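Undergrad: Let me give you the structure first, and then I'll get to my questions.
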Amino acid sequence: MKRGSYHHGGRVFLLVAPLILTSTLSLANVWSEFKTPYSVQSQNLDAGSAASIDSLAIGSYANGCLAGAEALPLAGLGYQVIRTSRGRYFGHPQLINFVENFSQQLHQSGSDDLLIADISMPRGGNFVSGHSSHQIGLDVDIWFRQASEQQSLEQRETPDELSLVDSGRFGVNGNWQAVHGDMIRIAAENPQVARVFVNPAIKQKLCEQTKGASVSSHDWLGKVRPWWGHKIHMHVRLACPQGDGLCQNQKPPKSGTGCEELGWWKQQVLDPVKPDKSELAKGKQQAKPKPKRVKIKPEQCQSLLN
């Protein structure tokens with residue numbers, strides 16, 4: 001057995017995993033080679049008694065790893081997991097619990113099955129493609145398309161997409177239904193949720209629907225953050241679990257609904273600022289892009305690679 005440890009609050013946490021031989025891979029891709037979670041044990045040396053800890057989200061959402069992950073069952077009450085061949089249905093136990101409870105809540109309100117896409121890999125870390133986040137088991141993509149019946153394996157591997165955004169204007173299209181707004185609102189109202197990422201046009205729709213209501217009754221809207229893409233799914237992110245000293249939270253969103261920020265997004269989508277060609281013609285060169293900074297993961301993540 002290979003062991004690593006860290007000290008936190010007077011306690012020593014031992015990270016324990018079987019020794020696994022792997023080929024030499026780049027750090028960006030090595031995380032996809034592991035098909036099993038990394039077990040976690042903790043020991044309170046001061047008290048002289050052992051205590052278990054379920055899971056550790058180590059680092060930040062876009063630069064970290066996950067110890068003690070759980071696999072989301074591939075189907076449950078109110079949900080089905082899609083693209084299972086990717087092996088991205090592992091998460092922190094608190095996120096797995098959130099997905100199951102959230103799906104049941106929507107199911108009880110009459111919703112069809114939710115389609116659950118990427119969460120994290122068995123030990124978190126970098127995906128080979130698709131996201132820079134989802135690294136510590138606290139992010140989940142939930143599609144806007146729902147399933148009225150159990151999908152076949154083939155259907156779940158190549159699911160039909162449902163975009164809610166009209167690409168020709170800053171707004172939603174005819175695919176928008178009330179259930180989509182309910183999905184976003186119910187997720188954002190959950191105290192465990194730190195952010196819900198959606199397309200800026202979707203945030204605009206939510207702001208229009210709540211216009212004129214008191215800000216205090218729509219505090220959840222502040223958690224709904226506009227971001228590029230996100231036309232076919234919402235991205236739900238949980239806050240760091242309480243007591244996990246290795247997990248790095250984002251700075252909380254500003255207070256309020258955030259609807260006043262959408263003017264900038266609208267300009268970027270419909271009329272982005274273009275470079276002045278006349279200035280370029282005078283011989284002025286565009287600034288060379290800065291080299292991309294190489295992210296260094298927390299040292300505890302190295303134990304998960306052994």
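Following the order of the structure tokens, chains are lettered A, B, ..., residues in each are numbered from 1, and ligands are numbered from 1.
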Pick out the residues sitting within 8 Å of Leu221 of chain A, and hand them over as a PyMOL selection string; count only C-alpha atoms, and ignore anything fewer than 2 positions along from it in its own chain.
TA: chain A and resi 185+188+206-207+218-219+223-224+256-258
Undergrad: Counting only C-alpha atoms, what is within 8 Å of segment 78-93 of chain A, bar same-chain residues fewer than 6 positions away, as a ChimeraX atom specification?
TA: /A:35,54-57,66,68-72,100,103-104,106-107,111-122,124,136-138,150-151,156-159
Undergrad: Out of A:Val236, A:Val179, A:Ile184, A:Val30, which residue has the shortest atom-to-atom distance to Asp141 of chain A when counting only C-alpha atoms?
TA: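 The closest residue to Asp141 of chain A is A:Val236.
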Undergrad: Which parts of segment 213-271 of chain A does DSSP call strand (DSSP E) when run on the backbone here, written out as an MDAnalysis selection string?
TA: chainID A and resid 224:226 233:238
Undergrad: Would you list the contacts of Met234 of chain A as a ChimeraX atom specification, taking every protein, DNA or RNA residue within 9 Å and counting only C-alpha atoms, but skipping same-chain residues closer than 5 positions in sequence?
TA: /A:140-144,183-184,196-199
